[in-house]
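**Student:** This is the structure, below, for whatever I ask next.
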There are 2 protein chains.
Amino acid sequence: MIAEILATGEELRTGALVDTNSAYLARELEALGIDVSRHQCVGDDSATIATVLEEIGDRADLALVTGGLGPTEDDRTCEAAARAAGVPLEMKNDVLDGIRRYFAERRIPMPPSNEKQALIPMGADLLANPVGTAPGFAVMIGRCRCCFMPGVPFEMKRMFRDRVRPIIDAMTDSSLGVRLNRTLSVFGLTESATDERLKGLEQAFPGIRLGLRAVFPEIQIKLYGDGSDAETLAGKMQEATAWAAARLGDRVFSVTEESMAAALGRLLRQEQASLALAESCTGGLIANSVTDVPGSSDYFLFSAVTYSNDAKMNILGVSPDTLSRFGAVSTETAKEMAAGVRRITGATYGLSVSGIAGPSGGTPEKPVGTVCIGLAGPFGATARRLTLSFATREMNKAMFAMKAMDMLRRSLMAKKADERL
Amino acid sequence: MIAEILATGEELRTGALVDTNSAYLARELEALGIDVSRHQCVGDDSATIATVLEEIGDRADLALVTGGLGPTEDDRTCEAAARAAGVPLEMKNDVLDGIRRYFAERRIPMPPSNEKQALIPMGADLLANPVGTAPGFAVMIGRCRCCFMPGVPFEMKRMFRDRVRPIIDAMTDSSLGVRLNRTLSVFGLTESATDERLKGLEQAFPGIRLGLRAVFPEIQIKLYGDGSDAETLAGKMQEATAWAAARLGDRVFSVTEESMAAALGRLLRQEQASLALAESCTGGLIANSVTDVPGSSDYFLFSAVTYSNDAKMNILGVSPDTLSRFGAVSTETAKEMAAGVRRITGATYGLSVSGIAGPSGGTPEKPVGTVCIGLAGPFGATARRLTLSFATREMNKAMFAMKAMDMLRRSLMAKKADERL
């Protein structure tokens with residue numbers, strides 16, 4: 001079955017609004033084992049919409065269309081659908097009654113323009129809208145079953161689930177295969193290095209397709225599996241995931257789409273350890289990521305965002321001598337920051353970052369992108385200096401924060417591995 | 001001129017990723033006075049991409065294409081472009097040298113798969129990529145000038161600005177009308193309340209169209225102006241912006257698309273004041289927003305992310321009695337946090353947040369969404385309690401952070417207004 005998606009509306013065409021409906025519908029169709037061959041987006045010009053619908057009618061078996069069913073002048077999808085289907089519009093009295101009831105129940109006078117929403121292409125099947133005034137409808141255009149839904153996301157989602165899903169279920173052969181996907185989240189390898197390491201996966205596991213996606217600063221590896229039996233496919237996906245994980249080692253921080261902060265939190269919780277942070281250039285980003293995880297108060301105690309040198313000395317006890325001899329961005333300072341925040345909070349681990357996120361502040365010896373990461377724990381304190389320079393201040397902050405969390409994560413993983421020996 | 005946009009990639013086709021590039025490019029073209037007639041999105045199948053490119057080549061004068069220029073197996077846009085243009089692929093040695101240099105500068109060994117990125121359709125014009133390895137290119141397909149850019153948003157934006165804009169400028173007739181837009185950023189009003197206050201704007205300023213867009217937790221008001229003379233239109237836009245700003249009062253925090261943190265930073269800088277933060281439930285989000293602004297080290301000193309009560313007492317000097325009598329989420333604690341962080345840093349202003357971001361942790365008296373914001377300054381300390389509950393923990397954190405920054409911003413605005421009297 002060939003499926004296509006069409007979104008209509010001036011806000012989408014002009015880019016004032018990002019189209020999230022099409023991605024939602026694509027994911028829903030994917031989960032049903034139906035490939036979407038194309039998404040399109042046009043404005044509210046009736047002739048253009050009709051042309052695109054006719055093209056889709058020649059190519060596809062199923063089309064999901066959103067937008068343009070509202071009461072205003074610029075809602076012209078109904079008219080375009082009727083034109084493409086070669087039928088007139090017809091006033092549906094039961095729809096009109098429904099719209100009147102909708103307003104009466106809410107004690108709002110019905111604007112006359114809403115009457116227009118009861119005009120539907122003749123012969124179309126109505127798709128009721130329990131949460132809005134715009135009804136949807138399904139109509140054949142060419143060889144394609146076209147389902148028209150409102151553009152408001154929550155109305156569209158409700159109509160898709162309650163009214164369009166049954167239409168699709170009736171169209172799909174129940175012998176249609178199963179589809180599963182898995183995600184491995186990787187940090188610390190480039191996209192091409194990741195790809196190199198996974199060469200051979202598709203050959204080793206026929207029916208499983210590999211996709212790589214850079215979601216800065218991480219790489220997401222997607223395994224898409226197709227099969228005829230759910231249990232067999234699940235087993236094969238498991239094997240392929242393990243195969244990929246073995247080739248990527250501790251660069252894989254999650255196989256469940258959790259964030260780096262959540263993966264780190266999971267390890268801290270397992271160890272019944274607590275964490276305190278001392279952030280300079282990351283400016284609270286690590287703390288923010290850590291506290292985005294529900295329940296993080298179980299292990300996260302405190303972050304000192306010490307932007308000024310005074311704060312580094314007065315709050316964390318970094319020695320003025322260290323700051324003046326080595327500078328704020330130095331392994332010496334990072335080590336004292338990590339040890340300091342660990343000392344004042346009594347946390348198991350103190351993690352610190354001091355660096356130059358840019359755009360200014362770099363020097364020849366310490367260019368923008370220079371970062372020192374300190375880690376203090378029961379074993380003592382250590383620090384590393386790295387240079388990681390990207391296009392913007394926000395990207396540098398994000399990379400520094402990930403690198404710091406990853407340094408602690410890998411140290412906890414190594415500790416676990418040692419304990420197993 | 002007819003322009004179209006095409007995005008390629010399996011993640012977009014399957015809905016795993018929402019396509020934001022196309023909206024960005026549509027807005028850029030709109031601002032240049034060029035209407036986009038259609039956006040499309042297909043996967044990474046080379047034959048499908050070639051078919052769509054041929055269709056576009058028959059219809060459009062300009063096409064902006066993103067995605068599929070990476071080094072991996074599933075990056076097939078180059079091949080499809082060559083097929084649609086009817087030319088072979090050609091290895092460009094200068095591009096290959098550039099890619100080698102990119103890796104050498106970063107001291108990373110170059111994976112052999114990156115060589116593929118130097119294969120470009122014969123006769124195409126190269127579009128250099130200063131921030132990544134994938135070069136772009138421009139080539140004629142049918143009657144259409146097609147510009148191919150990487151899918152990674154920051155690489156695409158940079159290439160569009162530096163390389164594609166000049167191509168478009170050369171194509172556009174200078175007699176084309178002028179188009180301008182302005183953005184007012186609003187916080188603290190609902191979308192419909194904002195809409196109500198702006199009723200009459202389009203009537204008062206013919207040729208200017210109003211668009212509202214909720215970018216949680218703020219509302220962006222867009223004014224789109226069309227005219228024949230640049231100077232006249234700029235004056236009219238200025239007047240309409242002032243008209244709107246007058247009706248929205250101090251709810252408008254920016255007319256230059258800056259963030260709330262940047263607007264607040266601007267006011268602090270004007271006052272030569274400094275800021276320290278004490279964050280509990282926002283977990284460093286305010287500090288992160290503040291430090292996303294380049295140069296923020298001029299006024300931002302420190303944030304204490306005090307997640308635990310111990311940290312509130314030991315670092316900020318909140319009294320154990322206050323914590324046990326009123327709890328961590330109370331105006332009393334918020335006031336002591338703000339005063340405490342101001343005291344230990346010597347900052348002009350101390351701003352604090354303590355609240356319940358959820359999903360758990362709420363009680364009947366203090367449900368999820370309860371937040372107390374404290375502000376300490378030369379005038380003394382004050383605190384407010386609010387209930388602001390949204391769908392997710394991240395949304396609550398974002399709303400609490402905005403509310404806190406806005407509280408200080410409005411207080412600085414009021415101070416400025418007083419000084420003018």
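As shown in the structure tokens, the chain order sets the letters A, B, ...; within each chain, residues go from 1, and ligands are also counted from 1 in the order they appear.
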Tell me as a PDB file with N, CA and C atoms, in the first residue's frame which residues belonging to chain A come within 6 Å of chain B, counting only C-alpha atoms.

**Tutor:**
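Contents of iface.pdb, as written:
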```
ATOM      1  N   THR A  14       4.272  29.236   4.558  1.00  0.00           N
ATOM      2  CA  THR A  14       5.201  30.353   4.736  1.00  0.00           C
ATOM      3  C   THR A  14       6.235  30.079   5.824  1.00  0.00           C
ATOM      4  N   GLY A  15       6.092  28.953   6.507  1.00  0.00           N
ATOM      5  CA  GLY A  15       7.078  28.617   7.521  1.00  0.00           C
ATOM      6  C   GLY A  15       6.833  29.271   8.874  1.00  0.00           C
ATOM      7  N   VAL A  18       5.776  25.317  12.184  1.00  0.00           N
ATOM      8  CA  VAL A  18       6.418  24.062  11.788  1.00  0.00           C
ATOM      9  C   VAL A  18       5.358  22.964  11.785  1.00  0.00           C
ATOM     10  N   ALA A  23       4.592  14.512  10.783  1.00  0.00           N
ATOM     11  CA  ALA A  23       5.499  13.571  11.444  1.00  0.00           C
ATOM     12  C   ALA A  23       4.697  12.632  12.350  1.00  0.00           C
ATOM     13  N   ALA A  26       2.970  10.138  10.126  1.00  0.00           N
ATOM     14  CA  ALA A  26       3.957   9.208   9.551  1.00  0.00           C
ATOM     15  C   ALA A  26       4.333   8.147  10.587  1.00  0.00           C
ATOM     16  N   ARG A  27       4.556   8.576  11.826  1.00  0.00           N
ATOM     17  CA  ARG A  27       4.911   7.612  12.879  1.00  0.00           C
ATOM     18  C   ARG A  27       3.783   6.616  13.110  1.00  0.00           C
ATOM     19  N   ARG A  38       5.614   9.911   0.644  1.00  0.00           N
ATOM     20  CA  ARG A  38       5.857  11.333   0.451  1.00  0.00           C
ATOM     21  C   ARG A  38       5.008  12.164   1.408  1.00  0.00           C
ATOM     22  N   HIS A  39       5.555  13.236   1.962  1.00  0.00           N
ATOM     23  CA  HIS A  39       4.762  14.263   2.645  1.00  0.00           C
ATOM     24  C   HIS A  39       4.785  15.486   1.744  1.00  0.00           C
ATOM     25  N   GLN A  40       3.686  16.225   1.755  1.00  0.00           N
ATOM     26  CA  GLN A  40       3.692  17.496   1.050  1.00  0.00           C
ATOM     27  C   GLN A  40       2.998  18.555   1.894  1.00  0.00           C
ATOM     28  N   CYS A  41       3.279  19.796   1.542  1.00  0.00           N
ATOM     29  CA  CYS A  41       2.633  20.906   2.220  1.00  0.00           C
ATOM     30  C   CYS A  41       2.391  22.006   1.204  1.00  0.00           C
ATOM     31  N   VAL A  42       1.149  22.480   1.136  1.00  0.00           N
ATOM     32  CA  VAL A  42       0.822  23.618   0.265  1.00  0.00           C
ATOM     33  C   VAL A  42       0.014  24.628   1.078  1.00  0.00           C
ATOM     34  N   GLY A 283      27.373  26.759  32.651  1.00  0.00           N
ATOM     35  CA  GLY A 283      26.361  27.701  33.154  1.00  0.00           C
ATOM     36  C   GLY A 283      25.078  27.089  33.663  1.00  0.00           C
ATOM     37  N   GLY A 284      25.118  25.881  34.199  1.00  0.00           N
ATOM     38  CA  GLY A 284      23.894  25.296  34.743  1.00  0.00           C
ATOM     39  C   GLY A 284      23.267  24.274  33.808  1.00  0.00           C
ATOM     40  N   LEU A 285      23.854  24.111  32.617  1.00  0.00           N
ATOM     41  CA  LEU A 285      23.257  23.174  31.648  1.00  0.00           C
ATOM     42  C   LEU A 285      23.297  21.729  32.147  1.00  0.00           C
ATOM     43  N   ALA A 287      23.320  20.708  35.332  1.00  0.00           N
ATOM     44  CA  ALA A 287      22.313  20.608  36.393  1.00  0.00           C
ATOM     45  C   ALA A 287      20.912  20.556  35.787  1.00  0.00           C
ATOM     46  N   ASN A 288      20.685  21.378  34.775  1.00  0.00           N
ATOM     47  CA  ASN A 288      19.366  21.394  34.142  1.00  0.00           C
ATOM     48  C   ASN A 288      19.046  20.046  33.503  1.00  0.00           C
ATOM     49  N   THR A 291      18.392  17.484  36.271  1.00  0.00           N
ATOM     50  CA  THR A 291      17.101  17.672  36.959  1.00  0.00           C
ATOM     51  C   THR A 291      15.903  17.585  36.021  1.00  0.00           C
ATOM     52  N   LEU A 301      22.445  16.562  44.508  1.00  0.00           N
ATOM     53  CA  LEU A 301      22.383  17.429  45.681  1.00  0.00           C
ATOM     54  C   LEU A 301      22.457  18.914  45.348  1.00  0.00           C
ATOM     55  N   PHE A 302      23.384  19.281  44.441  1.00  0.00           N
ATOM     56  CA  PHE A 302      23.716  20.697  44.330  1.00  0.00           C
ATOM     57  C   PHE A 302      24.578  20.939  43.103  1.00  0.00           C
ATOM     58  N   SER A 303      24.366  22.090  42.465  1.00  0.00           N
ATOM     59  CA  SER A 303      25.333  22.561  41.480  1.00  0.00           C
ATOM     60  C   SER A 303      25.700  24.000  41.802  1.00  0.00           C
ATOM     61  N   ALA A 304      26.986  24.273  41.814  1.00  0.00           N
ATOM     62  CA  ALA A 304      27.464  25.639  41.976  1.00  0.00           C
ATOM     63  C   ALA A 304      27.829  26.158  40.596  1.00  0.00           C
ATOM     64  N   VAL A 305      27.001  27.077  40.077  1.00  0.00           N
ATOM     65  CA  VAL A 305      27.316  27.682  38.783  1.00  0.00           C
ATOM     66  C   VAL A 305      28.191  28.895  39.093  1.00  0.00           C
ATOM     67  N   THR A 306      29.498  28.666  39.108  1.00  0.00           N
ATOM     68  CA  THR A 306      30.441  29.700  39.536  1.00  0.00           C
ATOM     69  C   THR A 306      31.026  30.379  38.319  1.00  0.00           C
ATOM     70  N   TYR A 307      30.308  31.415  37.866  1.00  0.00           N
ATOM     71  CA  TYR A 307      30.753  32.119  36.673  1.00  0.00           C
ATOM     72  C   TYR A 307      31.919  33.048  37.009  1.00  0.00           C
ATOM     73  N   SER A 308      31.885  33.655  38.181  1.00  0.00           N
ATOM     74  CA  SER A 308      32.950  34.598  38.539  1.00  0.00           C
ATOM     75  C   SER A 308      34.047  33.874  39.322  1.00  0.00           C
TER      76      SER A 308
END
```

**Student:** Please return, as a list in words, all residues of region 300-342 of chain A that DSSP assigns to helix (DSSP H, G or I) on the basis of the backbone.

**Tutor:**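 So, restricting region 300-342 of chain A to helix (DSSP H, G or I), we get Asn309, Asp310, Ala311, Lys312, Met313, Asn314, Pro320, Asp321, Thr322, Leu323, Ser324, Arg325, Phe326, Thr331, Glu332, Thr333, Ala334, Lys335, Glu336, Met337, Ala338, Ala339, Gly340, Val341 and Arg342 of chain A.
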
**Student:** Give the strand (DSSP E or B) residues of region 138-303 of chain A, as assigned by DSSP on the backbone, as a PyMOL selection string.

**Tutor:** chain A and resi 138-141+144-149+178-186+208-215+218-227+252-254+275-279+300-303

**Student:** Quote the spacing between CA of Leu388 (chain A) and CA of Ala244 (chain A) in Å to one decimal place.

**Tutor:**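 Spanning CA of Leu388 (chain A) to CA of Ala244 (chain A) is a straight-line distance of 26.4 Å.
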
**Student:** Tell me which protein, DNA and RNA residues are within 9 Å of Arg384 (chain A), counting only C-alpha atoms, leaving out same-chain ones fewer than 4 positions away, and put them as a PyMOL selection string.

**Tutor:** chain A and resi 330-331+334-335+371-375

**Student:** Produce a file of the selected residues containing all heavy atoms, as a PDB file, in the first residue's frame.

**Tutor:**
```pdb
ATOM      1  N   SER A 330      41.753  25.583  33.660  1.00  0.00           N
ATOM      2  CA  SER A 330      42.954  24.761  33.829  1.00  0.00           C
ATOM      3  C   SER A 330      42.546  23.479  34.541  1.00  0.00           C
ATOM      4  O   SER A 330      41.528  23.440  35.239  1.00  0.00           O
ATOM      5  CB  SER A 330      43.994  25.515  34.669  1.00  0.00           C
ATOM      6  OG  SER A 330      43.487  25.752  35.971  1.00  0.00           O
ATOM      7  N   THR A 331      43.342  22.434  34.333  1.00  0.00           N
ATOM      8  CA  THR A 331      43.022  21.173  35.023  1.00  0.00           C
ATOM      9  C   THR A 331      43.162  21.365  36.531  1.00  0.00           C
ATOM     10  O   THR A 331      42.406  20.782  37.305  1.00  0.00           O
ATOM     11  CB  THR A 331      43.959  20.035  34.552  1.00  0.00           C
ATOM     12  OG1 THR A 331      45.311  20.488  34.642  1.00  0.00           O
ATOM     13  CG2 THR A 331      43.661  19.628  33.124  1.00  0.00           C
ATOM     14  N   ALA A 334      39.944  23.020  37.714  1.00  0.00           N
ATOM     15  CA  ALA A 334      38.836  22.071  37.575  1.00  0.00           C
ATOM     16  C   ALA A 334      38.872  21.031  38.692  1.00  0.00           C
ATOM     17  O   ALA A 334      37.842  20.657  39.260  1.00  0.00           O
ATOM     18  CB  ALA A 334      38.884  21.389  36.205  1.00  0.00           C
ATOM     19  N   LYS A 335      40.107  20.559  39.010  1.00  0.00           N
ATOM     20  CA  LYS A 335      40.264  19.565  40.059  1.00  0.00           C
ATOM     21  C   LYS A 335      39.827  20.143  41.418  1.00  0.00           C
ATOM     22  O   LYS A 335      39.085  19.505  42.166  1.00  0.00           O
ATOM     23  CB  LYS A 335      41.740  19.138  40.122  1.00  0.00           C
ATOM     24  CG  LYS A 335      41.929  17.662  40.389  1.00  0.00           C
ATOM     25  CD  LYS A 335      43.387  17.335  40.665  1.00  0.00           C
ATOM     26  CE  LYS A 335      44.233  17.312  39.397  1.00  0.00           C
ATOM     27  NZ  LYS A 335      45.603  16.826  39.668  1.00  0.00           N
ATOM     28  N   VAL A 371      38.310  23.070  27.179  1.00  0.00           N
ATOM     29  CA  VAL A 371      37.499  22.769  28.363  1.00  0.00           C
ATOM     30  C   VAL A 371      38.272  21.838  29.282  1.00  0.00           C
ATOM     31  O   VAL A 371      38.974  20.932  28.816  1.00  0.00           O
ATOM     32  CB  VAL A 371      36.125  22.174  27.968  1.00  0.00           C
ATOM     33  CG1 VAL A 371      36.258  20.851  27.244  1.00  0.00           C
ATOM     34  CG2 VAL A 371      35.222  22.004  29.191  1.00  0.00           C
ATOM     35  N   CYS A 372      38.172  22.109  30.601  1.00  0.00           N
ATOM     36  CA  CYS A 372      38.793  21.246  31.599  1.00  0.00           C
ATOM     37  C   CYS A 372      37.684  20.645  32.444  1.00  0.00           C
ATOM     38  O   CYS A 372      36.806  21.363  32.927  1.00  0.00           O
ATOM     39  CB  CYS A 372      39.766  22.037  32.456  1.00  0.00           C
ATOM     40  SG  CYS A 372      41.124  22.688  31.467  1.00  0.00           S
ATOM     41  N   ILE A 373      37.715  19.313  32.569  1.00  0.00           N
ATOM     42  CA  ILE A 373      36.674  18.596  33.308  1.00  0.00           C
ATOM     43  C   ILE A 373      37.330  17.935  34.512  1.00  0.00           C
ATOM     44  O   ILE A 373      38.328  17.227  34.366  1.00  0.00           O
ATOM     45  CB  ILE A 373      36.003  17.536  32.412  1.00  0.00           C
ATOM     46  CG1 ILE A 373      35.374  18.215  31.185  1.00  0.00           C
ATOM     47  CG2 ILE A 373      34.953  16.752  33.194  1.00  0.00           C
ATOM     48  CD1 ILE A 373      34.800  17.252  30.175  1.00  0.00           C
ATOM     49  N   GLY A 374      36.793  18.201  35.686  1.00  0.00           N
ATOM     50  CA  GLY A 374      37.345  17.623  36.912  1.00  0.00           C
ATOM     51  C   GLY A 374      36.370  16.634  37.521  1.00  0.00           C
ATOM     52  O   GLY A 374      35.154  16.811  37.431  1.00  0.00           O
ATOM     53  N   LEU A 375      36.923  15.587  38.110  1.00  0.00           N
ATOM     54  CA  LEU A 375      36.076  14.580  38.751  1.00  0.00           C
ATOM     55  C   LEU A 375      36.703  14.219  40.094  1.00  0.00           C
ATOM     56  O   LEU A 375      37.881  13.852  40.152  1.00  0.00           O
ATOM     57  CB  LEU A 375      35.986  13.351  37.844  1.00  0.00           C
ATOM     58  CG  LEU A 375      35.187  12.149  38.366  1.00  0.00           C
ATOM     59  CD1 LEU A 375      33.742  12.527  38.672  1.00  0.00           C
ATOM     60  CD2 LEU A 375      35.201  11.021  37.319  1.00  0.00           C
TER      61      LEU A 375
END
```

**Student:** Separation of CA of Pro378 (chain B) and CA of Leu421 (chain B), in Å?

**Tutor:**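 Separation of CA of Pro378 (chain B) and CA of Leu421 (chain B): 20.0 Å.
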
**Student:** Quick check, in Å to one decimal: how far apart do CA of Arg325 (chain B) and CA of Arg342 (chain B) lie?

**Tutor:**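 Interatomic distance here is 23.0 Å.
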
**Student:** Please provide as a list of chain:residue names all residues within 9 Å of Pro217 (chain B), with the sequence filter that same-chain residues fewer than 4 positions apart are discarded (counting only C-alpha atoms).

**Tutor:** B:Phe187, B:Gly188, B:Met395, B:Ala398, B:Met399, B:Met402

**Student:** Would you kindly return, as a PDB file with N, CA and C atoms, in the first residue's frame, each protein, DNA or RNA residue with an atom no farther than 8 Å from any atom of Ala60 (chain B), considering only C-alpha atoms and excluding same-chain residues fewer than 4 positions away?

**Tutor:**
```pdb
ATOM      1  N   MET B   1       8.418  34.292  -9.642  1.00  0.00           N
ATOM      2  CA  MET B   1       9.315  33.137  -9.437  1.00  0.00           C
ATOM      3  C   MET B   1       8.623  32.070  -8.588  1.00  0.00           C
ATOM      4  N   ILE B   2       8.656  30.840  -9.063  1.00  0.00           N
ATOM      5  CA  ILE B   2       8.070  29.735  -8.305  1.00  0.00           C
ATOM      6  C   ILE B   2       9.185  29.015  -7.557  1.00  0.00           C
ATOM      7  N   ALA B   3       9.021  28.914  -6.240  1.00  0.00           N
ATOM      8  CA  ALA B   3      10.037  28.238  -5.438  1.00  0.00           C
ATOM      9  C   ALA B   3       9.423  27.029  -4.745  1.00  0.00           C
ATOM     10  N   GLU B   4      10.214  25.978  -4.622  1.00  0.00           N
ATOM     11  CA  GLU B   4       9.770  24.795  -3.881  1.00  0.00           C
ATOM     12  C   GLU B   4      10.870  24.360  -2.920  1.00  0.00           C
ATOM     13  N   ILE B  56       9.850  18.700  -9.901  1.00  0.00           N
ATOM     14  CA  ILE B  56      10.132  20.084  -9.492  1.00  0.00           C
ATOM     15  C   ILE B  56      10.791  20.843 -10.649  1.00  0.00           C
ATOM     16  N   ARG B 143      14.066  23.338 -15.794  1.00  0.00           N
ATOM     17  CA  ARG B 143      14.231  24.782 -15.828  1.00  0.00           C
ATOM     18  C   ARG B 143      14.559  25.363 -14.457  1.00  0.00           C
ATOM     19  N   CYS B 144      14.822  24.476 -13.504  1.00  0.00           N
ATOM     20  CA  CYS B 144      14.910  24.885 -12.104  1.00  0.00           C
ATOM     21  C   CYS B 144      16.340  24.878 -11.574  1.00  0.00           C
TER      22      CYS B 144
END
```
